[in-house]
>>> print(open('start-v6.tsv').read())   # TSV, C-alpha atoms and all ligand atoms
chain	number	residue	atom	x	y	z
A	12	MET	CA	-96.70	117.13	-36.99
A	13	LYS	CA	-92.91	117.32	-36.96
A	14	MET	CA	-91.65	115.11	-34.13
A	15	ASN	CA	-88.45	115.06	-32.11
A	16	ILE	CA	-87.09	111.54	-32.50
A	17	LEU	CA	-84.36	109.88	-30.48
A	18	VAL	CA	-82.51	107.15	-32.40
A	19	THR	CA	-80.46	104.76	-30.25
A	20	GLY	CA	-77.64	102.57	-31.56
A	21	SER	CA	-77.05	105.19	-34.25
A	22	LYS	CA	-73.62	103.84	-35.27
A	23	GLY	CA	-74.98	100.39	-36.14
A	24	GLN	CA	-76.26	99.25	-39.54
A	25	LEU	CA	-79.86	100.41	-39.18
A	26	GLY	CA	-79.01	103.50	-37.13
A	27	SER	CA	-76.51	104.61	-39.78
A	28	GLU	CA	-79.04	104.09	-42.59
A	29	LEU	CA	-81.60	106.16	-40.66
A	30	GLN	CA	-78.96	108.84	-40.23
A	31	GLU	CA	-78.21	108.87	-43.97
A	32	LEU	CA	-81.93	109.02	-44.79
A	33	SER	CA	-82.57	111.85	-42.33
A	34	THR	CA	-80.13	114.10	-44.18
A	35	LYS	CA	-82.24	113.65	-47.35
A	36	SER	CA	-85.72	113.91	-45.79
A	37	GLY	CA	-86.35	116.85	-43.49
A	38	SER	CA	-89.76	115.63	-42.36
A	39	GLN	CA	-88.69	114.99	-38.75
A	40	GLN	CA	-86.14	116.25	-36.25
A	41	PHE	CA	-83.82	113.35	-35.42
A	42	PHE	CA	-81.35	113.08	-32.56
A	43	PHE	CA	-78.82	110.27	-33.06
A	44	TYR	CA	-76.99	108.65	-30.14
A	45	ASP	CA	-74.91	105.56	-29.45
A	46	LEU	CA	-72.51	104.35	-26.77
A	47	PRO	CA	-70.87	105.91	-24.79
A	48	ASP	CA	-73.15	109.01	-24.84
A	49	LEU	CA	-76.31	106.94	-24.67
A	50	ASP	CA	-76.37	103.55	-22.98
A	51	ILE	CA	-79.91	102.20	-23.29
A	52	THR	CA	-79.51	100.30	-20.01
A	53	SER	CA	-79.18	103.64	-18.17
A	54	HIS	CA	-82.51	105.17	-17.20
A	55	ASP	CA	-80.67	108.43	-16.40
A	56	HIS	CA	-79.14	108.66	-19.89
A	57	VAL	CA	-82.40	108.02	-21.72
A	58	ASP	CA	-84.47	110.22	-19.41
A	59	ARG	CA	-82.00	113.13	-19.71
A	60	LEU	CA	-82.02	113.00	-23.52
A	61	CYS	CA	-85.82	112.71	-23.65
A	62	ARG	CA	-86.06	115.87	-21.50
A	63	GLU	CA	-83.30	117.78	-23.29
A	64	HIS	CA	-84.73	117.19	-26.78
A	65	ARG	CA	-88.45	117.05	-25.84
A	66	ILE	CA	-88.64	113.62	-27.45
A	67	ASN	CA	-91.95	112.44	-29.05
A	68	ALA	CA	-90.66	109.12	-30.41
A	69	ILE	CA	-87.77	106.73	-29.78
A	70	VAL	CA	-86.46	104.40	-32.49
A	71	ASN	CA	-84.45	101.66	-30.82
A	72	CYS	CA	-81.73	100.45	-33.18
A	73	ALA	CA	-79.43	99.55	-30.28
A	74	ALA	CA	-78.93	95.89	-29.51
A	75	TYR	CA	-76.46	93.18	-28.63
A	76	THR	CA	-76.35	91.46	-32.04
A	77	ALA	CA	-73.40	89.05	-31.73
A	78	VAL	CA	-75.49	85.86	-32.06
A	79	ASP	CA	-72.69	83.34	-31.36
A	80	LYS	CA	-70.91	85.40	-28.70
A	81	ALA	CA	-74.20	85.76	-26.82
A	82	GLU	CA	-74.08	82.05	-25.95
A	83	SER	CA	-71.08	82.67	-23.67
A	84	ASP	CA	-71.93	86.27	-22.78
A	85	ALA	CA	-75.59	85.87	-21.85
A	86	ASP	CA	-75.49	88.48	-19.07
A	87	THR	CA	-74.57	91.25	-21.51
A	88	ALA	CA	-77.06	90.06	-24.14
A	89	TYR	CA	-79.92	90.10	-21.60
A	90	ARG	CA	-78.77	93.38	-20.07
A	91	VAL	CA	-78.89	95.15	-23.45
A	92	ASN	CA	-81.69	93.31	-25.29
A	93	ARG	CA	-84.09	92.73	-22.40
A	94	ASP	CA	-83.23	95.29	-19.72
A	95	GLY	CA	-82.30	98.05	-22.19
A	96	SER	CA	-85.63	97.59	-23.99
A	97	ALA	CA	-87.42	97.90	-20.64
A	98	VAL	CA	-85.59	101.16	-19.83
A	99	LEU	CA	-86.63	102.59	-23.20
A	100	ALA	CA	-90.23	101.49	-22.66
A	101	GLU	CA	-90.29	103.12	-19.19
A	102	CYS	CA	-88.85	106.38	-20.51
A	103	ALA	CA	-91.19	106.37	-23.53
A	104	LYS	CA	-94.13	105.95	-21.15
A	105	GLU	CA	-92.90	108.68	-18.78
A	106	HIS	CA	-92.44	111.12	-21.68
A	107	ASN	CA	-95.56	110.13	-23.67
A	108	ALA	CA	-93.36	109.11	-26.57
A	109	LEU	CA	-93.93	106.39	-29.16
A	110	LEU	CA	-91.36	103.57	-28.96
A	111	ILE	CA	-90.46	101.89	-32.26
A	112	HIS	CA	-88.42	98.86	-31.31
A	113	ILE	CA	-86.59	96.51	-33.68
A	114	SER	CA	-86.65	92.79	-33.05
A	115	THR	CA	-85.72	89.65	-34.92
A	116	ASP	CA	-86.83	86.53	-36.81
A	117	TYR	CA	-84.72	84.60	-34.25
A	118	VAL	CA	-87.67	84.77	-31.82
A	119	PHE	CA	-89.05	81.83	-33.87
A	120	ASN	CA	-87.74	78.27	-33.71
A	121	GLY	CA	-87.76	77.83	-37.49
A	122	GLU	CA	-89.97	74.73	-37.56
A	123	SER	CA	-92.68	76.36	-39.67
A	124	CYS	CA	-92.79	75.88	-43.42
A	125	THR	CA	-94.99	78.89	-44.15
A	126	PRO	CA	-94.01	82.53	-43.54
A	127	TYR	CA	-94.30	83.52	-39.87
A	128	ARG	CA	-97.13	85.83	-38.88
A	129	GLU	CA	-96.83	88.26	-35.98
A	130	LYS	CA	-99.12	86.21	-33.71
A	131	ASP	CA	-97.33	82.89	-34.27
A	132	PRO	CA	-95.88	81.59	-31.01
A	133	ALA	CA	-92.33	82.65	-30.25
A	134	SER	CA	-89.92	79.91	-29.28
A	135	PRO	CA	-86.37	81.25	-29.61
A	136	ARG	CA	-83.55	78.72	-29.70
A	137	GLY	CA	-80.45	80.66	-28.64
A	138	VAL	CA	-79.51	83.32	-26.09
A	139	TYR	CA	-79.71	86.16	-28.62
A	140	GLY	CA	-83.24	85.20	-29.72
A	141	LYS	CA	-84.37	84.64	-26.12
A	142	SER	CA	-82.98	87.99	-24.96
A	143	LYS	CA	-84.68	89.78	-27.87
A	144	TRP	CA	-87.98	87.99	-27.17
A	145	GLU	CA	-87.82	88.92	-23.47
A	146	GLY	CA	-87.11	92.52	-24.54
A	147	GLU	CA	-90.29	92.47	-26.65
A	148	GLU	CA	-92.26	91.08	-23.72
A	149	ARG	CA	-90.97	93.75	-21.31
A	150	ILE	CA	-92.13	96.45	-23.75
A	151	ARG	CA	-95.61	94.88	-23.95
A	152	GLN	CA	-95.80	94.67	-20.14
A	153	ILE	CA	-94.66	98.27	-19.54
A	154	ASP	CA	-96.95	99.34	-22.39
A	155	PRO	CA	-95.92	102.77	-23.61
A	156	SER	CA	-97.27	103.53	-27.07
A	157	TRP	CA	-95.22	100.91	-28.96
A	158	LEU	CA	-94.57	99.35	-32.33
A	159	ILE	CA	-92.27	96.33	-32.52
A	160	ILE	CA	-90.84	95.53	-35.96
A	161	ARG	CA	-89.18	92.14	-36.40
A	162	THR	CA	-86.71	91.91	-39.25
A	163	SER	CA	-84.27	89.33	-40.64
A	164	TRP	CA	-80.82	88.96	-42.21
A	165	LEU	CA	-80.00	92.67	-42.07
A	166	TYR	CA	-77.20	94.10	-44.24
A	167	SER	CA	-76.04	97.58	-45.14
A	168	ALA	CA	-73.11	99.59	-46.42
A	169	TYR	CA	-72.32	100.24	-42.76
A	170	GLY	CA	-70.88	97.84	-40.19
A	171	ALA	CA	-70.03	94.18	-40.56
A	172	ASN	CA	-72.49	91.86	-42.31
A	173	PHE	CA	-72.84	88.84	-44.58
A	174	VAL	CA	-72.66	90.83	-47.83
A	175	LYS	CA	-69.38	92.47	-46.88
A	176	THR	CA	-67.91	89.15	-45.71
A	177	MET	CA	-68.90	87.51	-49.01
A	178	LEU	CA	-67.39	90.37	-51.04
A	179	ARG	CA	-64.11	90.02	-49.14
A	180	LEU	CA	-63.98	86.22	-49.37
A	181	GLY	CA	-65.19	86.28	-52.99
A	182	ALA	CA	-62.24	88.47	-53.95
A	183	GLU	CA	-59.75	86.22	-52.09
A	184	ARG	CA	-60.96	82.72	-53.01
A	185	GLU	CA	-61.95	80.68	-56.01
A	186	MET	CA	-64.54	78.64	-54.14
A	187	LEU	CA	-66.72	79.09	-51.06
A	188	SER	CA	-69.16	76.76	-49.26
A	189	VAL	CA	-72.35	78.29	-47.88
A	190	VAL	CA	-75.30	76.67	-46.09
A	191	VAL	CA	-78.27	75.88	-48.30
A	192	ASP	CA	-80.71	74.54	-45.69
A	193	GLN	CA	-81.36	77.74	-43.74
A	194	ILE	CA	-84.12	79.68	-45.46
A	195	GLY	CA	-85.15	83.28	-44.84
A	196	THR	CA	-85.09	86.69	-46.48
A	197	PRO	CA	-82.29	89.26	-46.58
A	198	THR	CA	-83.22	92.80	-45.60
A	199	TYR	CA	-81.44	95.92	-46.81
A	200	ALA	CA	-81.30	98.17	-43.75
A	201	ALA	CA	-81.90	101.23	-45.97
A	202	ASP	CA	-85.31	99.79	-46.94
A	203	LEU	CA	-86.22	99.16	-43.30
A	204	ALA	CA	-85.07	102.69	-42.43
A	205	ALA	CA	-87.35	104.07	-45.16
A	206	ALA	CA	-90.28	102.04	-43.78
A	207	ILE	CA	-89.62	103.43	-40.28
A	208	VAL	CA	-89.59	107.00	-41.63
A	209	THR	CA	-92.90	106.32	-43.44
A	210	ILE	CA	-94.39	105.17	-40.13
A	211	LEU	CA	-93.02	108.21	-38.28
A	212	ASP	CA	-94.36	110.55	-40.99
A	213	THR	CA	-97.86	109.09	-40.91
A	214	CYS	CA	-98.40	107.99	-37.29
A	215	ASP	CA	-100.75	109.82	-34.94
A	216	PRO	CA	-98.71	110.88	-31.87
A	217	ALA	CA	-101.92	111.09	-29.81
A	218	ARG	CA	-102.74	107.42	-30.41
A	219	HIS	CA	-101.66	104.56	-28.14
A	220	TYR	CA	-100.09	102.01	-30.48
A	221	GLN	CA	-99.67	98.34	-29.42
A	222	GLU	CA	-98.66	96.46	-32.56
A	223	THR	CA	-96.07	93.93	-33.65
A	224	TYR	CA	-95.03	93.88	-37.32
A	225	HIS	CA	-92.76	91.93	-39.60
A	226	TYR	CA	-90.50	93.58	-42.17
A	227	SER	CA	-87.96	91.98	-44.49
A	228	ASN	CA	-87.42	92.38	-48.20
A	229	GLU	CA	-89.76	90.38	-50.45
A	230	GLY	CA	-88.88	86.89	-51.63
A	231	VAL	CA	-87.15	83.88	-50.15
A	232	ALA	CA	-83.53	82.72	-50.17
A	233	SER	CA	-81.09	80.33	-48.56
A	234	TRP	CA	-77.75	81.73	-47.42
A	235	TYR	CA	-76.34	79.87	-50.45
A	236	ASP	CA	-78.74	81.74	-52.80
A	237	PHE	CA	-77.81	85.01	-51.11
A	238	ALA	CA	-74.07	84.37	-51.48
A	239	ALA	CA	-74.43	83.24	-55.12
A	240	ALA	CA	-76.41	86.42	-55.93
A	241	ILE	CA	-73.72	88.58	-54.28
A	242	MET	CA	-71.02	86.98	-56.46
A	243	GLU	CA	-73.14	87.14	-59.62
A	244	ILE	CA	-74.29	90.76	-59.27
A	245	SER	CA	-70.86	92.04	-58.25
A	246	GLY	CA	-69.15	90.12	-61.08
A	247	LEU	CA	-66.94	87.99	-58.83
A	248	SER	CA	-65.89	84.66	-60.33
A	249	CYS	CA	-65.78	82.84	-56.95
A	250	LYS	CA	-67.88	79.68	-57.17
A	251	VAL	CA	-70.39	79.16	-54.35
A	252	LEU	CA	-71.00	75.57	-53.26
A	253	PRO	CA	-74.08	74.50	-51.25
A	254	ILE	CA	-73.45	72.73	-47.93
A	255	GLU	CA	-75.73	71.58	-45.12
A	256	SER	CA	-75.81	73.24	-41.68
A	257	ALA	CA	-74.58	69.95	-40.19
A	258	ASP	CA	-71.34	70.47	-42.12
A	259	TYR	CA	-70.97	74.04	-40.89
A	260	PRO	CA	-71.36	73.93	-37.10
A	261	GLN	CA	-72.09	77.27	-35.47
A	262	VAL	CA	-72.04	78.10	-31.76
A	263	ALA	CA	-75.65	79.35	-31.57
A	264	PRO	CA	-78.55	77.40	-33.05
A	265	ARG	CA	-80.31	79.20	-35.92
A	266	PRO	CA	-83.91	78.83	-37.16
A	267	GLN	CA	-83.92	76.70	-40.31
A	268	PHE	CA	-86.83	78.66	-41.74
A	269	SER	CA	-87.54	82.25	-40.78
A	270	VAL	CA	-89.40	83.84	-43.69
A	271	LEU	CA	-91.65	86.59	-42.32
A	272	ASN	CA	-95.18	87.38	-43.47
A	273	LYS	CA	-95.30	91.13	-44.09
A	274	SER	CA	-98.98	91.63	-44.93
A	275	ALA	CA	-99.75	93.60	-41.75
A	276	ILE	CA	-97.14	96.34	-42.14
A	277	LYS	CA	-98.02	96.73	-45.82
A	278	HIS	CA	-101.73	96.94	-45.02
A	279	ASP	CA	-101.50	99.27	-42.01
A	280	TRP	CA	-98.77	101.65	-43.20
A	281	GLY	CA	-98.79	101.31	-47.00
A	282	VAL	CA	-95.08	100.56	-47.15
A	283	ALA	CA	-93.81	99.23	-50.48
A	284	ILE	CA	-91.27	96.45	-49.98
A	285	PRO	CA	-88.63	95.80	-52.66
A	286	ASN	CA	-87.53	92.29	-53.66
A	287	TRP	CA	-84.32	91.19	-51.95
A	288	ARG	CA	-82.35	90.83	-55.20
A	289	ASP	CA	-83.26	94.36	-56.33
A	290	SER	CA	-82.21	95.80	-52.97
A	291	LEU	CA	-79.00	93.78	-53.00
A	292	SER	CA	-78.22	95.26	-56.45
A	293	CYS	CA	-78.76	98.79	-55.04
A	294	LEU	CA	-76.36	98.16	-52.17
A	295	LEU	CA	-73.70	96.58	-54.40
A	296	GLN	CA	-73.95	99.49	-56.84
A	297	LYS	CA	-73.56	101.92	-53.95
A	298	ILE	CA	-70.48	100.09	-52.65
A	299	GLN	CA	-68.96	100.02	-56.18
A	300	THR	CA	-69.60	103.75	-56.69
A	301	HIS	CA	-67.93	104.54	-53.34
A	302	THR	CA	-64.97	102.28	-54.12
A	303	LYS	CA	-64.41	103.99	-57.51
A	304	ALA	CA	-64.78	107.53	-56.06
B	401	LIG	N1	-78.03	92.22	-37.99
B	401	LIG	C1	-79.00	91.37	-38.33
B	401	LIG	O1	-78.83	90.48	-39.16
B	401	LIG	C2	-80.35	91.48	-37.67
B	401	LIG	C3	-81.34	90.54	-38.01
B	401	LIG	C4	-82.60	90.65	-37.41
B	401	LIG	C5	-82.84	91.66	-36.50
B	401	LIG	N2	-81.86	92.56	-36.17
B	401	LIG	C6	-82.16	93.61	-35.20
B	401	LIG	O2	-82.13	94.85	-35.90
B	401	LIG	C7	-81.69	95.88	-35.02
B	401	LIG	C8	-80.55	96.65	-35.66
B	401	LIG	O3	-79.49	95.72	-35.93
B	401	LIG	P1	-78.11	96.20	-36.54
B	401	LIG	O4	-77.61	95.09	-37.39
B	401	LIG	O5	-78.23	97.59	-37.09
B	401	LIG	O6	-77.23	96.22	-35.21
B	401	LIG	P2	-75.71	96.66	-35.05
B	401	LIG	O7	-75.13	97.05	-36.37
B	401	LIG	O8	-75.04	95.62	-34.22
B	401	LIG	O9	-75.85	98.01	-34.20
B	401	LIG	C9	-76.25	98.01	-32.87
B	401	LIG	C10	-75.72	99.26	-32.24
B	401	LIG	O10	-76.16	99.28	-30.86
B	401	LIG	C11	-75.05	99.66	-30.08
B	401	LIG	N3	-75.22	99.23	-28.69
B	401	LIG	C12	-74.88	98.03	-28.12
B	401	LIG	N4	-75.18	98.06	-26.80
B	401	LIG	C13	-75.72	99.28	-26.54
B	401	LIG	C14	-76.19	99.92	-25.37
B	401	LIG	N5	-76.18	99.31	-24.17
B	401	LIG	N6	-76.66	101.17	-25.47
B	401	LIG	C15	-76.66	101.83	-26.66
B	401	LIG	N7	-76.21	101.29	-27.80
B	401	LIG	C16	-75.75	100.03	-27.74
B	401	LIG	C17	-73.87	98.99	-30.76
B	401	LIG	O11	-72.66	99.54	-30.31
B	401	LIG	P3	-71.33	98.59	-30.28
B	401	LIG	O12	-71.09	98.19	-31.70
B	401	LIG	O13	-70.31	99.49	-29.70
B	401	LIG	O14	-71.70	97.42	-29.41
B	401	LIG	C18	-74.19	99.31	-32.23
B	401	LIG	O15	-73.73	100.59	-32.59
B	401	LIG	C19	-81.32	95.18	-33.70
B	401	LIG	O16	-82.41	95.28	-32.83
B	401	LIG	C20	-81.14	93.73	-34.09
B	401	LIG	O17	-81.42	92.86	-33.01
B	401	LIG	C21	-80.62	92.50	-36.75
>>> encode(input="start-v6.tsv", output="structure tokens", more="lines below")
Ligand SMILES: NC(=O)c1ccc[n+]([C@@H]2O[C@H](COP(=O)([O-])OP(=O)(O)OC[C@H]3O[C@@H](n4cnc5c(N)ncnc54)[C@H](OP(=O)(O)O)[C@@H]3O)[C@@H](O)[C@H]2O)c1
Amino acid sequence: MKMNILVTGSKGQLGSELQELSTKSGSQQFFFYDLPDLDITSHDHVDRLCREHRINAIVNCAAYTAVDKAESDADTAYRVNRDGSAVLAECAKEHNALLIHISTDYVFNGESCTPYREKDPASPRGVYGKSKWEGEERIRQIDPSWLIIRTSWLYSAYGANFVKTMLRLGAEREMLSVVVDQIGTPTYAADLAAAIVTILDTCDPARHYQETYHYSNEGVASWYDFAAAIMEISGLSCKVLPIESADYPQVAPRPQFSVLNKSAIKHDWGVAIPNWRDSLSCLLQKIQTHTKA
């Protein structure tokens, strides 16, 4: 069945990738919104759009994602990530729509040394992670039909992200120090967008879903590995040096290990997940092609 799908936060990294994908695949009818036309903390906004477009599913790509800024701007982080998620859950329930909500590896404290499973206890360390975790919990309490997908280290051709920062610094400098003791997996937002479309194309709108999933690219990396791969694949001669987190103080605490176990989403939805280096190559090729054009 072709569904009417409301995508929030459509100007962000993931929202933009979904928008690009929707122009190639006509399987669903998407409606893309971001601030100021849709503020997810406004019940009136969300309700009006659900009515106007007869929405069957909401994909929530909207979030307060400034991890460090959140430490001094907790009210806004909680308002968007917790209260906004609750508004979307209420509206999804009122309109019998499926809510696909995106969350984060930062709900974990990073003390594990094996990939996190969905049922592992959450114990976020900073305001951003706490606000995202409370957003998840509000969705579970309100209980529309819901799927929560936690992801990690998102990057894309759109918006600001680590890859773009490294490309800029790599072109300016001969040497760059990057932390080697934070381990996780980069995720190309285009791959996550494709997984979301697969779920939308194969889900049963009559079913009441209540599942949490993990999605990142395959493989494991430190930020140092990620930066070195960016330089290598894009042919930049900038040398990347490994440093410890203690030598690179950041405002918000980060999990030292946040690799996600993705067995459940692969099993339940048959999504194929590319390796992070392959996806990074795709993005860098895309950026190069656009720069030359
Ligand atoms: N980025 C990462 O590394 C990462 C890692 C793990 C999980 N995630 C999660 O993945 C999801 C997508 O992340 P992303 O990187 O695509 O985020 P993003 O690029 O920061 O985009 C978020 C979008 O939401 C918008 N927004 C903020 N407050 C809003 C509100 N009240 N109502 C409606 N829209 C609002 C933002 O607008 P403004 O720009 O105007 O504020 C922005 O366009 C988020 O749930 C995030 O928590 C991200």
>>> residues_near_ligand(input="start-v6.tsv", ligand="ligand LIG 401 (chain B)", cutoff="9 Å", atoms="all atoms listed in the file", output="PyMOL selection string")
chain A and resi 19-28+44-53+71-77+87-88+90-92+95+112-117+139-140+143+160-167+169-173+197-198+200+227
>>> write_last_selection(input="start-v6.tsv", atoms="C-alpha atoms", output="compact mmCIF listing (two decimals), in the frame of the given file")
# COMPACT_ATOMS: atom_id res chain seq x y z
CA THR A 19 -80.46 104.76 -30.25
CA GLY A 20 -77.64 102.57 -31.56
CA SER A 21 -77.05 105.19 -34.25
CA LYS A 22 -73.62 103.84 -35.27
CA GLY A 23 -74.98 100.39 -36.14
CA GLN A 24 -76.26 99.25 -39.54
CA LEU A 25 -79.86 100.41 -39.18
CA GLY A 26 -79.01 103.50 -37.13
CA SER A 27 -76.51 104.61 -39.78
CA GLU A 28 -79.04 104.09 -42.59
CA TYR A 44 -76.99 108.65 -30.14
CA ASP A 45 -74.91 105.56 -29.45
CA LEU A 46 -72.51 104.35 -26.77
CA PRO A 47 -70.87 105.91 -24.79
CA ASP A 48 -73.15 109.01 -24.84
CA LEU A 49 -76.31 106.94 -24.67
CA ASP A 50 -76.37 103.55 -22.98
CA ILE A 51 -79.91 102.20 -23.29
CA THR A 52 -79.51 100.30 -20.01
CA SER A 53 -79.18 103.64 -18.17
CA ASN A 71 -84.45 101.66 -30.82
CA CYS A 72 -81.73 100.45 -33.18
CA ALA A 73 -79.43 99.55 -30.28
CA ALA A 74 -78.93 95.89 -29.51
CA TYR A 75 -76.46 93.18 -28.63
CA THR A 76 -76.35 91.46 -32.04
CA ALA A 77 -73.40 89.05 -31.73
CA THR A 87 -74.57 91.25 -21.51
CA ALA A 88 -77.06 90.06 -24.14
CA ARG A 90 -78.77 93.38 -20.07
CA VAL A 91 -78.89 95.15 -23.45
CA ASN A 92 -81.69 93.31 -25.29
CA GLY A 95 -82.30 98.05 -22.19
CA HIS A 112 -88.42 98.86 -31.31
CA ILE A 113 -86.59 96.51 -33.68
CA SER A 114 -86.65 92.79 -33.05
CA THR A 115 -85.72 89.65 -34.92
CA ASP A 116 -86.83 86.53 -36.81
CA TYR A 117 -84.72 84.60 -34.25
CA TYR A 139 -79.71 86.16 -28.62
CA GLY A 140 -83.24 85.20 -29.72
CA LYS A 143 -84.68 89.78 -27.87
CA ILE A 160 -90.84 95.53 -35.96
CA ARG A 161 -89.18 92.14 -36.40
CA THR A 162 -86.71 91.91 -39.25
CA SER A 163 -84.27 89.33 -40.64
CA TRP A 164 -80.82 88.96 -42.21
CA LEU A 165 -80.00 92.67 -42.07
CA TYR A 166 -77.20 94.10 -44.24
CA SER A 167 -76.04 97.58 -45.14
CA TYR A 169 -72.32 100.24 -42.76
CA GLY A 170 -70.88 97.84 -40.19
CA ALA A 171 -70.03 94.18 -40.56
CA ASN A 172 -72.49 91.86 -42.31
CA PHE A 173 -72.84 88.84 -44.58
CA PRO A 197 -82.29 89.26 -46.58
CA THR A 198 -83.22 92.80 -45.60
CA ALA A 200 -81.30 98.17 -43.75
CA SER A 227 -87.96 91.98 -44.49
>>> residues_around(input="start-v6.tsv", residues="range 260-271 of chain A", least_positions_apart="4", cutoff="6 Å", atoms="all atoms listed in the file", output="ChimeraX atom specification")
/A:79,116,120-121,126-127,137,193-196
>>> residues_around(input="start-v6.tsv", residues="Met177 in chain A", least_positions_apart="4", cutoff="9 Å", atoms="all atoms listed in the file", output="PyMOL selection string")
chain A and resi 172-173+181-182+187+238+241-242
>>> closest_residue(input="start-v6.tsv", among="A:Pro216, A:Ala168, A:Val174, A:Arg149", to="Asn15 in chain A", atoms="only C-alpha atoms")
A:Pro216
>>> atom_distance(input="start-v6.tsv", atom1="CA of Gln221 in chain A", atom2="CA of Ser123 in chain A")
25.2 Å
>>> atom_distance(input="start-v6.tsv", atom1="CA of Asp84 in chain A", atom2="CA of Gly146 in chain A")
16.5 Å
>>> residues_around(input="start-v6.tsv", residues="Asn107 in chain A", least_positions_apart="3", cutoff="9 Å", atoms="all atoms listed in the file", output="list in words")
Ile66, Asn67, Ala68, Cys102, Ala103, Lys104, Pro155, Ser156, Pro216 and Ala217 of chain A
>>> atom_distance(input="start-v6.tsv", atom1="CA of His278 in chain A", atom2="CA of Glu222 in chain A")
12.8 Å
>>> closest_residue(input="start-v6.tsv", among="A:Ala100, A:Ser134, A:Arg288, A:Glu82", to="Val231 in chain A", atoms="all atoms listed in the file")
A:Arg288
>>> residues_near_point(input="start-v6.tsv", point="(-77.1, 95.1, -54.8)", cutoff="12 Å", atoms="all atoms listed in the file", output="number ranges by chain")
A: 166-168, 174-175, 178, 197-199, 201, 237-238, 240-246, 285-300
>>> closest_residue(input="start-v6.tsv", among="A:Leu60, A:Leu110, A:Val118, A:Val190", to="Trp234 in chain A", atoms="all atoms listed in the file")
A:Val190
>>> closest_residue(input="start-v6.tsv", among="A:Val18, A:Val191, A:Ile210, A:Ala257", to="His64 in chain A", atoms="only C-alpha atoms")
A:Val18
>>> closest_residue(input="start-v6.tsv", among="A:Leu17, A:Leu158, A:Val138, A:Ala232", to="Ala81 in chain A", atoms="all atoms listed in the file")
A:Val138
>>> residues_around(input="start-v6.tsv", residues="Leu211 in chain A", least_positions_apart="2", cutoff="9 Å", atoms="all atoms listed in the file", output="mmCIF file with C-alpha atoms, keeping the file's coordinate frame")
data_model
loop_
_atom_site.group_PDB
_atom_site.id
_atom_site.type_symbol
_atom_site.label_atom_id
_atom_site.label_comp_id
_atom_site.auth_asym_id
_atom_site.auth_seq_id
_atom_site.Cartn_x
_atom_site.Cartn_y
_atom_site.Cartn_z
ATOM 1 C CA MET A 14 -91.650 115.110 -34.130
ATOM 2 C CA ILE A 16 -87.090 111.540 -32.500
ATOM 3 C CA GLN A 39 -88.690 114.990 -38.750
ATOM 4 C CA ALA A 68 -90.660 109.120 -30.410
ATOM 5 C CA ALA A 206 -90.280 102.040 -43.780
ATOM 6 C CA ILE A 207 -89.620 103.430 -40.280
ATOM 7 C CA VAL A 208 -89.590 107.000 -41.630
ATOM 8 C CA THR A 209 -92.900 106.320 -43.440
ATOM 9 C CA THR A 213 -97.860 109.090 -40.910
ATOM 10 C CA CYS A 214 -98.400 107.990 -37.290
ATOM 11 C CA ASP A 215 -100.750 109.820 -34.940
ATOM 12 C CA PRO A 216 -98.710 110.880 -31.870
#
>>> axis_aligned_box(input="start-v6.tsv", around="range 273-283 of chain A", padding_each_side="5 Å", output="lines of an AutoDock Vina configuration file")
center_x = -97.8
center_y = 96.4
center_z = -46.1
size_x = 17.9
size_y = 20.5
size_z = 18.7
>>> closest_residue(input="start-v6.tsv", among="A:Ala239, A:Ser83, A:Tyr224, A:Val189", to="Ile254 in chain A", atoms="only C-alpha atoms")
A:Val189
